[in-house]
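Report on one structure; see the data block that follows.
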Amino acid sequence: MSDSFLNYSPAHTDSLASWRMHLALARIAYDRGYFSAALKNYTTALHVGARLQLDEWTQSSCFLGLAKCHVELGNFDLAESLYKRVLNLDFANLSKNSFALGDDLTDLAALYLKTSHLSEAEGILKEAIVIFGSSNTSCLGLAEVQKDLAEVYLHRHELDKADATAGLALSLCDSKAGRQKKIYAETLMLLAQIASARGLLPQAEDLTERAIASFEMLTGGEHPELADFLDIAASLWAAQNQEEKCTVCRNRAAAIRKVIRTRDR
């Protein structure tokens with residue numbers, strides 16, 4: 001599939017088909033790590049929807065997509081206001097046990113994790129656990145929540161709690177379907193960081209290599225998050241004075257980011 005969304009010129013005719021098309025292009029761009037292109041398409045979809053007089057609930061997918069893009073681009077205040085707007089719409093239109101509400105709460109918690117607001121992240125994640133826990137079946141949404149909660153504990157250096165919670169996340173996503181999603185690789189990488197914090201470097205290296213291999217398979221080898229994984233791997237190699245491996249990882253991470261920046265304009 002070509003990256004046509006990177007150079008797409010908006011159509012002049014407003015229609016539901018145009019609105020849906022920009023949403024679809026935005027989601028593809030976001031999944032591939034082209035966050036500026038995704039932002040442009042979500043913004044265009046929002047404008048088309050406004051001209052079509054779509055209500056806010058219908059437009060909530062645009063608000064949510066914009067919030068996710070702003071998180072990745074470092075515009076945290078904008079992202080927070082958009083997430084809160086989406087959640088207000090969720091509370092007005094969804095059941096309190098809706099998985100969609102749980103997903104949106106998890107996204108806001110991830111923003112608070114990025115900005116080191118750990119107490120806020122923990123409180124929201126525990127709300128999401130209640131929502132996902134209301135189902136009798138395991139789900140990847142619950143795995144995402146447990147993984148993020150484990151990250152909260154890691155930041156606080158509560159390593160036993162971090163290890164147990166990340167292990168629960170892995171048990172929820174270590175399935176044929178789960179291994180085809182980012183959550184599996186992200187959980188492996190988090191477990192690698194926990195192992196490293198415990199001084200278990202061989203275990204950390206093994207988990208890191210598995211996480212990178214999994215994410216490479218999902219993304220084709222070019223994605224900003226893969227670059228983040230490689231930077232973590234580089235830190236692990238540096239801790240063992242394996243400078244050659246460290247340099248290889250850092251150089252590859254830089255090359256990936258350069259490719260993404262060149263394309264994502």
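Residue numbers start at 1 in each chain; chains themselves are named A, B, ... in the order of the structure tokens; ligands are numbered from 1 in the order shown.
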
What's around segment 25-35 of chain A at 7 Å? Count only C-alpha atoms, leave out sequence neighbours fewer than 4 positions away in its own chain, and write the answer as an MDAnalysis selection string.
chainID A and resid 5 21 39 41:42 69 72 223:224 260 264

Near Gln53 of chain A, counting only C-alpha atoms, which residues have an atom at most 12 Å away, once you skip same-chain residues fewer than 4 positions from it, shown as a PDB file with N, CA and C atoms, in the first residue's frame?
ATOM      1  N   ASP A  14     -17.669  18.618   0.031  1.00  0.00           N
ATOM      2  CA  ASP A  14     -17.929  18.028   1.341  1.00  0.00           C
ATOM      3  C   ASP A  14     -19.003  16.959   1.226  1.00  0.00           C
ATOM      4  N   SER A  15     -18.730  15.804   1.829  1.00  0.00           N
ATOM      5  CA  SER A  15     -19.697  14.715   1.837  1.00  0.00           C
ATOM      6  C   SER A  15     -19.326  13.776   2.966  1.00  0.00           C
ATOM      7  N   LEU A  16     -20.268  12.927   3.344  1.00  0.00           N
ATOM      8  CA  LEU A  16     -19.943  11.922   4.349  1.00  0.00           C
ATOM      9  C   LEU A  16     -18.826  11.009   3.868  1.00  0.00           C
ATOM     10  N   TRP A  19     -15.610  12.795   4.516  1.00  0.00           N
ATOM     11  CA  TRP A  19     -15.338  12.782   5.950  1.00  0.00           C
ATOM     12  C   TRP A  19     -14.770  11.425   6.378  1.00  0.00           C
ATOM     13  N   LEU A  46     -12.471  16.938  10.616  1.00  0.00           N
ATOM     14  CA  LEU A  46     -13.224  17.757  11.567  1.00  0.00           C
ATOM     15  C   LEU A  46     -13.874  18.947  10.860  1.00  0.00           C
ATOM     16  N   HIS A  47     -13.138  19.580   9.963  1.00  0.00           N
ATOM     17  CA  HIS A  47     -13.678  20.731   9.232  1.00  0.00           C
ATOM     18  C   HIS A  47     -14.795  20.316   8.285  1.00  0.00           C
ATOM     19  N   VAL A  48     -14.593  19.192   7.601  1.00  0.00           N
ATOM     20  CA  VAL A  48     -15.650  18.685   6.708  1.00  0.00           C
ATOM     21  C   VAL A  48     -16.897  18.369   7.528  1.00  0.00           C
ATOM     22  N   GLY A  49     -16.704  17.703   8.673  1.00  0.00           N
ATOM     23  CA  GLY A  49     -17.838  17.374   9.534  1.00  0.00           C
ATOM     24  C   GLY A  49     -18.569  18.599  10.027  1.00  0.00           C
ATOM     25  N   TRP A  57     -20.983  14.192  19.026  1.00  0.00           N
ATOM     26  CA  TRP A  57     -20.810  12.766  19.276  1.00  0.00           C
ATOM     27  C   TRP A  57     -20.315  12.060  18.025  1.00  0.00           C
ATOM     28  N   THR A  58     -20.870  12.421  16.878  1.00  0.00           N
ATOM     29  CA  THR A  58     -20.400  11.845  15.612  1.00  0.00           C
ATOM     30  C   THR A  58     -18.947  12.241  15.354  1.00  0.00           C
ATOM     31  N   GLN A  59     -18.604  13.459  15.736  1.00  0.00           N
ATOM     32  CA  GLN A  59     -17.257  13.968  15.501  1.00  0.00           C
ATOM     33  C   GLN A  59     -16.250  13.515  16.566  1.00  0.00           C
TER      34      GLN A  59
END

Of A:Tyr112, A:Phe91, A:Phe76, A:Phe229, the one sitting nearest Ala192 of chain A when using only C-alpha atoms is A:Phe229

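Distances from A:Lys96, A:Lys147, A:His22, A:Arg156 to His117 of chain A were compared using only C-alpha atoms, and the smallest one belongs to A:Arg156.
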
Tell me which protein, DNA and RNA residues are within 7 Å of Met189 of chain A, counting only C-alpha atoms, leaving out same-chain ones fewer than 4 positions away, and put them as a PyMOL selection string.
chain A and resi 185+193+207-208+211

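Nearest residue to Ala110 of chain A among A:Phe215, A:Phe63, A:Phe132, A:Tyr83 is A:Tyr83, counting only C-alpha atoms.
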
Give me the residues near segment 84-87 of chain A as number ranges by chain, where near means some atom within 12 Å (using only C-alpha atoms) and where sequence neighbours in that chain fewer than 6 positions away do not count.
A: 56-68, 77-78, 93-94, 96, 98, 100-109, 111, 124

Export of the given selection (N, CA and C atoms) as a CSV table (one decimal), in the first residue's frame:
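That gives us result-v4.csv:
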chain,number,residue,atom,x,y,z
A,56,GLU,N,-21.4,16.7,17.8
A,56,GLU,CA,-20.2,16.4,18.5
A,56,GLU,C,-19.9,14.9,18.7
A,57,TRP,N,-21.0,14.2,19.0
A,57,TRP,CA,-20.8,12.8,19.3
A,57,TRP,C,-20.3,12.1,18.0
A,58,THR,N,-20.9,12.4,16.9
A,58,THR,CA,-20.4,11.8,15.6
A,58,THR,C,-18.9,12.2,15.4
A,59,GLN,N,-18.6,13.5,15.7
A,59,GLN,CA,-17.3,14.0,15.5
A,59,GLN,C,-16.2,13.5,16.6
A,60,SER,N,-16.7,12.8,17.6
A,60,SER,CA,-15.8,12.4,18.7
A,60,SER,C,-14.6,11.6,18.2
A,61,SER,N,-14.7,10.8,17.1
A,61,SER,CA,-13.6,10.1,16.6
A,61,SER,C,-12.5,11.0,16.1
A,62,CYS,N,-12.9,12.2,15.6
A,62,CYS,CA,-11.9,13.2,15.2
A,62,CYS,C,-11.2,13.8,16.4
A,63,PHE,N,-12.0,14.1,17.4
A,63,PHE,CA,-11.4,14.7,18.6
A,63,PHE,C,-10.4,13.7,19.2
A,64,LEU,N,-10.8,12.4,19.3
A,64,LEU,CA,-9.9,11.4,19.9
A,64,LEU,C,-8.6,11.3,19.0
A,65,GLY,N,-8.8,11.2,17.7
A,65,GLY,CA,-7.6,11.1,16.9
A,65,GLY,C,-6.7,12.3,17.0
A,66,LEU,N,-7.2,13.5,17.1
A,66,LEU,CA,-6.4,14.7,17.2
A,66,LEU,C,-5.7,14.6,18.6
A,67,ALA,N,-6.4,14.2,19.6
A,67,ALA,CA,-5.7,14.1,20.9
A,67,ALA,C,-4.5,13.1,20.9
A,68,LYS,N,-4.7,12.0,20.2
A,68,LYS,CA,-3.6,11.0,20.1
A,68,LYS,C,-2.4,11.6,19.4
A,77,ASP,N,-0.9,19.8,26.5
A,77,ASP,CA,-2.1,20.6,26.9
A,77,ASP,C,-3.3,20.5,26.0
A,78,LEU,N,-3.0,20.6,24.7
A,78,LEU,CA,-4.1,20.4,23.7
A,78,LEU,C,-4.6,19.0,23.8
A,93,ASN,N,-23.1,9.6,26.5
A,93,ASN,CA,-23.7,8.8,25.4
A,93,ASN,C,-23.4,7.3,25.6
A,94,LEU,N,-22.6,6.9,26.5
A,94,LEU,CA,-22.2,5.5,26.7
A,94,LEU,C,-22.6,4.9,28.0
A,96,LYS,N,-21.7,3.1,31.5
A,96,LYS,CA,-20.6,3.2,32.4
A,96,LYS,C,-19.7,2.0,32.3
A,98,SER,N,-19.0,0.6,29.3
A,98,SER,CA,-18.6,0.5,27.8
A,98,SER,C,-17.1,0.3,27.7
A,100,ALA,N,-15.5,1.1,25.1
A,100,ALA,CA,-15.0,2.4,24.4
A,100,ALA,C,-14.7,3.4,25.5
A,101,LEU,N,-15.5,3.5,26.5
A,101,LEU,CA,-15.1,4.4,27.6
A,101,LEU,C,-13.8,4.0,28.3
A,102,GLY,N,-13.7,2.7,28.5
A,102,GLY,CA,-12.4,2.2,29.1
A,102,GLY,C,-11.2,2.5,28.3
A,103,ASP,N,-11.4,2.4,26.9
A,103,ASP,CA,-10.3,2.7,26.0
A,103,ASP,C,-9.9,4.2,26.1
A,104,ASP,N,-10.9,5.0,26.2
A,104,ASP,CA,-10.6,6.5,26.2
A,104,ASP,C,-10.0,6.9,27.5
A,105,LEU,N,-10.4,6.3,28.6
A,105,LEU,CA,-9.8,6.5,29.9
A,105,LEU,C,-8.3,6.1,29.9
A,106,THR,N,-8.1,5.0,29.3
A,106,THR,CA,-6.7,4.5,29.2
A,106,THR,C,-5.8,5.4,28.4
A,107,ASP,N,-6.4,6.0,27.3
A,107,ASP,CA,-5.6,6.9,26.5
A,107,ASP,C,-5.2,8.2,27.3
A,108,LEU,N,-6.2,8.7,28.1
A,108,LEU,CA,-5.9,9.9,28.9
A,108,LEU,C,-4.8,9.5,30.0
A,109,ALA,N,-4.9,8.3,30.6
A,109,ALA,CA,-3.9,7.9,31.5
A,109,ALA,C,-2.5,7.8,30.9
A,111,LEU,N,-1.4,9.7,28.6
A,111,LEU,CA,-0.9,11.1,28.5
A,111,LEU,C,-0.3,11.5,29.9
A,124,ILE,N,-7.0,6.9,37.1
A,124,ILE,CA,-7.8,6.7,35.9
A,124,ILE,C,-7.7,5.2,35.4

Near Cys173 of chain A, within 10 Å and counting only C-alpha atoms, which residues show up once chain neighbours fewer than 5 positions away are dropped, as a ChimeraX atom specification?
/A:138-144,168,178-185,187

Within 7 Å of Cys246 of chain A, counting only C-alpha atoms, which residues qualify if same-chain residues fewer than 3 places away don't, as JSON, numbers by chain?
{"A": [234, 235, 237, 238, 242, 243, 249, 250]}

Since we have the selection now, will you write its residues out, keeping all heavy atoms, as a PDB file, in the first residue's frame?
ATOM      1  N   ALA A 234      19.686   0.115  23.548  1.00  0.00           N
ATOM      2  CA  ALA A 234      21.022   0.718  23.613  1.00  0.00           C
ATOM      3  C   ALA A 234      21.440   0.978  25.053  1.00  0.00           C
ATOM      4  O   ALA A 234      22.603   0.759  25.432  1.00  0.00           O
ATOM      5  CB  ALA A 234      21.036   2.018  22.809  1.00  0.00           C
ATOM      6  N   SER A 235      20.500   1.423  25.875  1.00  0.00           N
ATOM      7  CA  SER A 235      20.804   1.668  27.276  1.00  0.00           C
ATOM      8  C   SER A 235      21.174   0.376  28.004  1.00  0.00           C
ATOM      9  O   SER A 235      22.075   0.353  28.854  1.00  0.00           O
ATOM     10  CB  SER A 235      19.609   2.330  27.965  1.00  0.00           C
ATOM     11  OG  SER A 235      19.342   3.600  27.399  1.00  0.00           O
ATOM     12  N   TRP A 237      22.544  -2.297  26.580  1.00  0.00           N
ATOM     13  CA  TRP A 237      23.887  -2.695  26.146  1.00  0.00           C
ATOM     14  C   TRP A 237      24.940  -1.809  26.808  1.00  0.00           C
ATOM     15  O   TRP A 237      26.019  -2.284  27.190  1.00  0.00           O
ATOM     16  CB  TRP A 237      24.006  -2.594  24.626  1.00  0.00           C
ATOM     17  CG  TRP A 237      23.170  -3.552  23.851  1.00  0.00           C
ATOM     18  CD1 TRP A 237      22.266  -3.255  22.872  1.00  0.00           C
ATOM     19  CD2 TRP A 237      23.141  -4.980  23.979  1.00  0.00           C
ATOM     20  NE1 TRP A 237      21.668  -4.398  22.392  1.00  0.00           N
ATOM     21  CE2 TRP A 237      22.190  -5.479  23.047  1.00  0.00           C
ATOM     22  CE3 TRP A 237      23.816  -5.889  24.796  1.00  0.00           C
ATOM     23  CZ2 TRP A 237      21.913  -6.829  22.911  1.00  0.00           C
ATOM     24  CZ3 TRP A 237      23.536  -7.248  24.657  1.00  0.00           C
ATOM     25  CH2 TRP A 237      22.596  -7.690  23.724  1.00  0.00           C
ATOM     26  N   ALA A 238      24.639  -0.515  26.956  1.00  0.00           N
ATOM     27  CA  ALA A 238      25.600   0.398  27.585  1.00  0.00           C
ATOM     28  C   ALA A 238      25.872  -0.002  29.023  1.00  0.00           C
ATOM     29  O   ALA A 238      27.005   0.119  29.512  1.00  0.00           O
ATOM     30  CB  ALA A 238      25.077   1.832  27.512  1.00  0.00           C
ATOM     31  N   GLN A 242      28.829  -2.876  26.434  1.00  0.00           N
ATOM     32  CA  GLN A 242      28.890  -3.417  25.071  1.00  0.00           C
ATOM     33  C   GLN A 242      28.621  -2.259  24.102  1.00  0.00           C
ATOM     34  O   GLN A 242      27.532  -2.115  23.554  1.00  0.00           O
ATOM     35  CB  GLN A 242      27.885  -4.550  24.913  1.00  0.00           C
ATOM     36  CG  GLN A 242      28.171  -5.722  25.858  1.00  0.00           C
ATOM     37  CD  GLN A 242      27.437  -6.982  25.447  1.00  0.00           C
ATOM     38  OE1 GLN A 242      27.401  -7.355  24.272  1.00  0.00           O
ATOM     39  NE2 GLN A 242      26.843  -7.658  26.430  1.00  0.00           N
ATOM     40  N   GLU A 243      29.659  -1.429  23.940  1.00  0.00           N
ATOM     41  CA  GLU A 243      29.488  -0.171  23.217  1.00  0.00           C
ATOM     42  C   GLU A 243      29.149  -0.372  21.745  1.00  0.00           C
ATOM     43  O   GLU A 243      28.421   0.429  21.154  1.00  0.00           O
ATOM     44  CB  GLU A 243      30.757   0.675  23.347  1.00  0.00           C
ATOM     45  CG  GLU A 243      31.006   1.185  24.759  1.00  0.00           C
ATOM     46  CD  GLU A 243      29.853   2.044  25.270  1.00  0.00           C
ATOM     47  OE1 GLU A 243      29.222   2.754  24.455  1.00  0.00           O
ATOM     48  OE2 GLU A 243      29.572   1.993  26.474  1.00  0.00           O
ATOM     49  N   CYS A 249      22.371   0.153  17.869  1.00  0.00           N
ATOM     50  CA  CYS A 249      20.965   0.450  18.195  1.00  0.00           C
ATOM     51  C   CYS A 249      20.672   1.941  18.096  1.00  0.00           C
ATOM     52  O   CYS A 249      19.648   2.351  17.536  1.00  0.00           O
ATOM     53  CB  CYS A 249      20.640  -0.059  19.602  1.00  0.00           C
ATOM     54  SG  CYS A 249      20.487  -1.844  19.728  1.00  0.00           S
ATOM     55  N   ARG A 250      21.558   2.760  18.636  1.00  0.00           N
ATOM     56  CA  ARG A 250      21.323   4.204  18.602  1.00  0.00           C
ATOM     57  C   ARG A 250      21.331   4.724  17.165  1.00  0.00           C
ATOM     58  O   ARG A 250      20.519   5.580  16.800  1.00  0.00           O
ATOM     59  CB  ARG A 250      22.372   4.931  19.442  1.00  0.00           C
ATOM     60  CG  ARG A 250      22.238   4.673  20.924  1.00  0.00           C
ATOM     61  CD  ARG A 250      22.854   5.786  21.759  1.00  0.00           C
ATOM     62  NE  ARG A 250      22.940   5.411  23.163  1.00  0.00           N
ATOM     63  CZ  ARG A 250      21.928   5.415  24.007  1.00  0.00           C
ATOM     64  NH1 ARG A 250      20.715   5.749  23.586  1.00  0.00           N
ATOM     65  NH2 ARG A 250      22.110   5.069  25.277  1.00  0.00           N
TER      66      ARG A 250
END

What gap, in Å, lies between atom CA of Ala204 of chain A and atom CA of Leu125 of chain A?
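Going from atom CA of Ala204 of chain A over to atom CA of Leu125 of chain A covers 25.7 Å.
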
Can you list every residue in segment 8-97 of chain A that DSSP puts in alpha helix (DSSP H), as a ChimeraX atom specification?
/A:16-31,35-51,56-72,76-93

Write a file of the just-selected residues containing C-alpha atoms, as a short mmCIF file (atom, residue, chain, number, x, y, z; two decimals), in the first residue's frame.
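Written file, result.cif:
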data_model
loop_
_atom_site.label_atom_id
_atom_site.label_comp_id
_atom_site.auth_asym_id
_atom_site.auth_seq_id
_atom_site.Cartn_x
_atom_site.Cartn_y
_atom_site.Cartn_z
CA LEU A 16 -19.94 11.92 4.35
CA ALA A 17 -17.75 9.89 2.02
CA SER A 18 -15.06 12.61 2.16
CA TRP A 19 -15.34 12.78 5.95
CA ARG A 20 -14.96 9.00 6.29
CA MET A 21 -12.07 8.96 3.81
CA HIS A 22 -10.06 11.50 5.83
CA LEU A 23 -10.73 9.55 9.02
CA ALA A 24 -9.49 6.38 7.34
CA LEU A 25 -6.37 8.11 5.99
CA ALA A 26 -5.68 9.61 9.41
CA ARG A 27 -5.88 6.21 11.11
CA ILE A 28 -3.55 4.63 8.56
CA ALA A 29 -1.04 7.47 8.96
CA TYR A 30 -1.19 7.27 12.75
CA ASP A 31 -0.69 3.51 12.80
CA PHE A 35 1.69 11.71 13.20
CA SER A 36 1.78 15.05 11.35
CA ALA A 37 0.02 13.51 8.36
CA ALA A 38 -2.53 11.95 10.68
CA LEU A 39 -3.09 15.32 12.36
CA LYS A 40 -3.73 17.00 9.01
CA ASN A 41 -6.27 14.38 7.97
CA TYR A 42 -8.08 14.41 11.32
CA THR A 43 -8.23 18.21 11.14
CA THR A 44 -9.63 18.10 7.61
CA ALA A 45 -12.21 15.51 8.66
CA LEU A 46 -13.22 17.76 11.57
CA HIS A 47 -13.68 20.73 9.23
CA VAL A 48 -15.65 18.69 6.71
CA GLY A 49 -17.84 17.37 9.53
CA ALA A 50 -18.46 20.90 10.79
CA ARG A 51 -19.57 22.04 7.34
CA GLU A 56 -20.17 16.42 18.48
CA TRP A 57 -20.81 12.77 19.28
CA THR A 58 -20.40 11.85 15.61
CA GLN A 59 -17.26 13.97 15.50
CA SER A 60 -15.80 12.42 18.66
CA SER A 61 -13.59 10.09 16.60
CA CYS A 62 -11.94 13.21 15.16
CA PHE A 63 -11.40 14.72 18.62
CA LEU A 64 -9.92 11.44 19.87
CA GLY A 65 -7.62 11.09 16.87
CA LEU A 66 -6.41 14.67 17.25
CA ALA A 67 -5.71 14.05 20.94
CA LYS A 68 -3.59 10.99 20.14
CA CYS A 69 -1.62 12.91 17.51
CA HIS A 70 -0.98 15.83 19.85
CA VAL A 71 0.35 13.42 22.48
CA GLU A 72 2.86 11.99 20.00
CA PHE A 76 0.21 17.77 25.86
CA ASP A 77 -2.11 20.59 26.94
CA LEU A 78 -4.06 20.39 23.68
CA ALA A 79 -4.22 16.61 23.99
CA GLU A 80 -5.54 16.77 27.54
CA SER A 81 -8.33 19.20 26.65
CA LEU A 82 -9.38 17.02 23.71
CA TYR A 83 -9.36 13.83 25.79
CA LYS A 84 -11.54 15.50 28.42
CA ARG A 85 -13.92 16.64 25.68
CA VAL A 86 -14.16 13.07 24.39
CA LEU A 87 -14.75 11.69 27.88
CA ASN A 88 -17.55 14.20 28.51
CA LEU A 89 -19.19 12.92 25.34
CA ASP A 90 -18.58 9.32 26.41
CA PHE A 91 -20.23 9.84 29.80
CA ALA A 92 -23.22 11.45 28.09
CA ASN A 93 -23.67 8.75 25.45
#
